[in-house]
Amino acid sequence: MIEFRSVSKQFPGGTVAVNDFSLVIPSRKTTVLVGSSGSGKTTILRMINRMIDPTSGSIEIDGEDISTLQPVKLRRRIGYVMQNSGLLPHFSVIDNVATVPILSGMPKKKAREQSLALLDTVGLDRSLAHRYPSQLSGGQQQRVGVARGLAANPNILLMDEPFGAVDPIVRAELQAELIRLQRELDKTVVFVTHDIDEAFLLGDQVVILETGGHIVQVGSPTEILSDPANDFVASFIGADKGKRALTIRKTPRGEILVDSEGRAAGVLVPAQDGADR
Amino acid sequence: MNLLLDAIRWVFDPANYGGPNGIDTRSGEHLALSGLVLLIAVVIAVPFGYFIGHTGHGRGIIVPLSGGVRALPTLGLLILVALNVGIGVVAPVVALVVLAIPSILAGAYSGFEAIDRRVIDAARAVGMTEWQILIRVEIPLGLPLLIGGLRSASLQVIATATLADYVSGGGLGHFLFLGLQTNNYPEMLGGSIVVIVLALASEGLFGLLQRLVVPAGVAARQPKDVRLRPVRSQTALG
Ligand SMILES: Nc1ncnc2c1ncn2[C@@H]1O[C@H](COP(=O)(O)OP(=O)(O)OP(=O)(O)O)[C@@H](O)[C@H]1O
Ligand SMILES: [Mg+2]
């Protein structure tokens with residue numbers, strides 16, 4: 001469990017990126033921070049691995065105040081995946097993935113073997129192991145980034161718009177892959193995006209942020225969709241219009257759901273057990 | 001061009017080889033002096049350059065300082081130092097080290113500054129210590145530009161080391177000063193030709209080295225066929 005207690009961050013220039021932010025991030029669940037550009041998502045995320053230190057307030061991981069921990073040690077037990085993959089250009093794929101275990105003292109041979117297995121986990125062909133990042137597609141680079149994030153077998157995985165720079169088809173693939181991975185690995189994932197669809201797709205808990213890291217609403221996708229906290233949320237999630245505002249239309253062959261434009265979006269079927277999130 | 005022919009004849013005349021004032025001996029001195037100067041300059045400039053490049057601190061002081069030093073006339077500095085330490089090899093070493101430092105310093109810090117910030121940020125975020133970032137990320141990725149700085153420093157030093165013999169510091173300057181005194185222009189020109197050959201050899205060597213140190217993954221991004229690449233005009237004039 002990660003807990004933010006009244007955390008604020010003011011940058012040297014004077015910008016208050018995060019103001020009095022409190023949140024509990026449950027273990028083994030995916031929490032998605034979503035909000036428009038500049039709302040403080042990255043700042044909040046990077047305070048978890050002490051890439052940024054808060055100006056005030058405290059952050060605890062499983063009850064331990066992280067300001068008492070050594071940043072380097074802390075970072076090695078937290079996976080970090082970012083938009084442009086952040087791979088080292090002069091390291092081969094396998095060495096990129098093996099970076100953290102090797103830094104932590106694992107013998108090279110063992111670290112490489114384990115990294116090969118991780119390539120399978122993230123759906124990359126082992127034949128790519130000896131390529132360099134510049135010889136991979138954007139989607140492949142992101143997979144390597146995820147594999148690297150998982151390499152030290154961390155309990156926590158931080159992801160900052162990891163799929164923001166790939167095309168929609170690849171993004172959908174990567175999202176599906178992450179859902180599958182999360183089902184297998186059961187990490188505490190903190191995921192940043194400004195795409196509300198992505199947030200609802202991936203998040204067990206979704207946190208909607210406004211400028212200054214101000215929380216507008218926290219809840220499961222179901223809770224947020226069924227009861228938007230205010231007009232801002234309603235319009236942000238598109239509940240009032242577009243493809244989320246569905247109405248039932250009777251047709252001679254049964255009932256279908258149509259969106260606000262009148263386009264068919266689906267059909268009504270009886271609920272399955274456990275389908276509710 | 002009779003003079004040029006005479007000069008070339010001088011360079012190839014076996015009578016001008018061997019002994020303390022042979023072209024071979026003097027070339028050896030010239031290279032040894034230049035090598036020593038580069039070594040000392042590297043030892044001084046690289047740590048400073050790496051410090052600036054890694055931390056971003058000190059740029060405001062050291063960079064203008066080394067730029068200002070660049071404007072010092074080497075001959076003047078040479079005489080000034082020689083007046084204090086006497087004639088011999090020390091004064092030329094000092095003056096040439098001062099000449100070599102700015103290029104090497106610039107190569108060292110610009111090599112670091114040219115690295116994508118996000119790469120370094122990611123290295124830190126996955127848990128590298130500052131030393132590990134320096135050794136595993138910044139130094140290898142910054143090496144080509146450092147070698148570039150060394151390349152232009154070497155060119156400057158080899159050309160300017162001719163001044164060393166003005167204060168009895170040895171090297172190929174001997175032929176220039178002697179030729180000037182005795183109106184032996186073929187000798188002067190011949191001495192210059194040897195200096196030019198050494199300078200070109202240094203260019204070639206460092207140019208090759210510069211290619212060799214480009215890390216594999218970075219080189220992989222460039223087109224395989226080098227003939228397709230536009231030729232960079234790097235025949236530096238100092
Ligand atoms: N290092 C910094 N120095 C000064 N100001 C900063 C720094 N990093 C971020 N900020 C400011 O803090 C605010 C929040 O930035 P942050 O990067 O957390 O936003 P974000 O929600 O991640 O935005 P985006 O969706 O564009 O990535 C912005 O106003 C930004 O300009
Ligand atoms: Mg961000």
# chains A, B, ... in the order shown; residues from 1 in each chain; ligands from 1
>>> interface_residues(of="chain A", to="chain B", cutoff="9 Å", atoms="only C-alpha atoms", output="PyMOL selection string")
chain A and resi 46+49-51+71-82+84-92+99-100+103+131-135+148-149
>>> write_last_selection(atoms="C-alpha atoms", output="short mmCIF file (atom, residue, chain, number, x, y, z; two decimals), in the first residue's frame")
data_model
loop_
_atom_site.label_atom_id
_atom_site.label_comp_id
_atom_site.auth_asym_id
_atom_site.auth_seq_id
_atom_site.Cartn_x
_atom_site.Cartn_y
_atom_site.Cartn_z
CA ARG A 46 7.95 10.52 -9.39
CA ASN A 49 10.46 6.59 -6.17
CA ARG A 50 12.00 9.80 -4.85
CA MET A 51 12.94 11.13 -8.26
CA PRO A 71 16.73 6.83 -3.06
CA VAL A 72 18.89 4.41 -5.07
CA LYS A 73 17.79 1.38 -3.03
CA LEU A 74 14.18 2.47 -3.19
CA ARG A 75 14.31 2.91 -6.97
CA ARG A 76 15.79 -0.53 -7.49
CA ARG A 77 12.77 -2.15 -5.88
CA ILE A 78 10.27 -0.09 -7.88
CA GLY A 79 9.75 -0.64 -11.60
CA TYR A 80 9.58 2.47 -13.75
CA VAL A 81 8.31 2.68 -17.30
CA MET A 82 8.08 5.93 -19.21
CA ASN A 84 9.79 7.11 -24.65
CA SER A 85 10.86 3.84 -23.00
CA GLY A 86 14.01 5.58 -21.69
CA LEU A 87 16.15 2.69 -22.83
CA LEU A 88 19.92 3.07 -22.84
CA PRO A 89 20.80 3.44 -26.54
CA HIS A 90 24.19 1.78 -26.20
CA PHE A 91 22.90 -1.30 -24.38
CA SER A 92 21.39 -4.23 -26.26
CA THR A 99 20.37 -3.49 -15.95
CA VAL A 100 18.74 -3.40 -12.54
CA LEU A 103 23.30 -3.25 -10.58
CA ARG A 131 19.37 -5.75 -31.06
CA TYR A 132 19.81 -2.18 -29.92
CA PRO A 133 16.81 0.01 -29.02
CA SER A 134 17.26 2.10 -32.18
CA GLN A 135 16.65 -1.05 -34.21
CA ARG A 148 13.04 -3.74 -17.66
CA GLY A 149 10.51 -2.40 -15.17
#
>>> select_by_dssp(residues="range 120-171 of chain B", states="alpha helix (DSSP H)", output="ChimeraX atom specification")
/B:120-125,130-132,139-160
>>> residues_near_ligand(ligand="ligand 2", cutoff="10 Å", atoms="only C-alpha atoms and all ligand atoms", output="list in words")
Gly35, Ser36, Ser37, Gly38, Ser39, Gly40, Lys41, Thr42, Thr43, Ile44, Leu45, Arg46, Met82, Gln83, Asp160, Glu161, Val192, Thr193 and His194 of chain A
>>> residues_around(residues="Gly203 in chain A", least_positions_apart="6", cutoff="8 Å", atoms="only C-alpha atoms", output="ChimeraX atom specification")
/A:29-32,220-221
>>> write_last_selection(atoms="N, CA, C and O atoms", output="CSV table (one decimal), in the first residue's frame")
chain,number,residue,atom,x,y,z
A,29,LYS,N,-3.3,-3.7,-7.0
A,29,LYS,CA,-4.4,-3.2,-7.8
A,29,LYS,C,-3.7,-2.2,-8.8
A,29,LYS,O,-2.6,-1.7,-8.5
A,30,THR,N,-4.5,-1.9,-9.8
A,30,THR,CA,-4.0,-0.8,-10.7
A,30,THR,C,-4.7,0.5,-10.4
A,30,THR,O,-5.9,0.6,-10.4
A,31,THR,N,-3.9,1.5,-10.0
A,31,THR,CA,-4.5,2.8,-9.8
A,31,THR,C,-4.0,3.7,-10.9
A,31,THR,O,-2.8,3.8,-11.3
A,32,VAL,N,-5.0,4.4,-11.6
A,32,VAL,CA,-4.7,5.2,-12.7
A,32,VAL,C,-4.9,6.7,-12.3
A,32,VAL,O,-5.9,7.1,-11.8
A,220,SER,N,-13.8,3.5,-8.5
A,220,SER,CA,-13.7,2.5,-9.6
A,220,SER,C,-14.4,3.1,-10.8
A,220,SER,O,-15.1,4.0,-10.7
A,221,PRO,N,-14.0,2.6,-12.0
A,221,PRO,CA,-14.7,3.1,-13.2
A,221,PRO,C,-16.2,3.1,-13.1
A,221,PRO,O,-16.8,4.1,-13.5
>>> residues_around(residues="Ser192 in chain B", least_positions_apart="5", cutoff="12 Å", atoms="only C-alpha atoms", output="list in words")
Leu4, Ala7, Ile8, Trp10, Val11, Ile23, Ser27, Ile158, Ala159, Thr160, Ala161, Thr162, Leu163, Gly171, Leu172, Gly173, His174, Phe175, Leu176, Phe177, Gly179, Tyr185, Pro186, Glu187, Val197, Leu198 and Ala199 of chain B
>>> closest_residue(among="A:Leu116, A:Val34, A:Leu150, A:Leu136", to="ligand 1", atoms="only C-alpha atoms and all ligand atoms")
A:Val34
>>> atom_distance(atom1="CA of Asn21 in chain B", atom2="CA of Asp6 in chain B")
19.0 Å
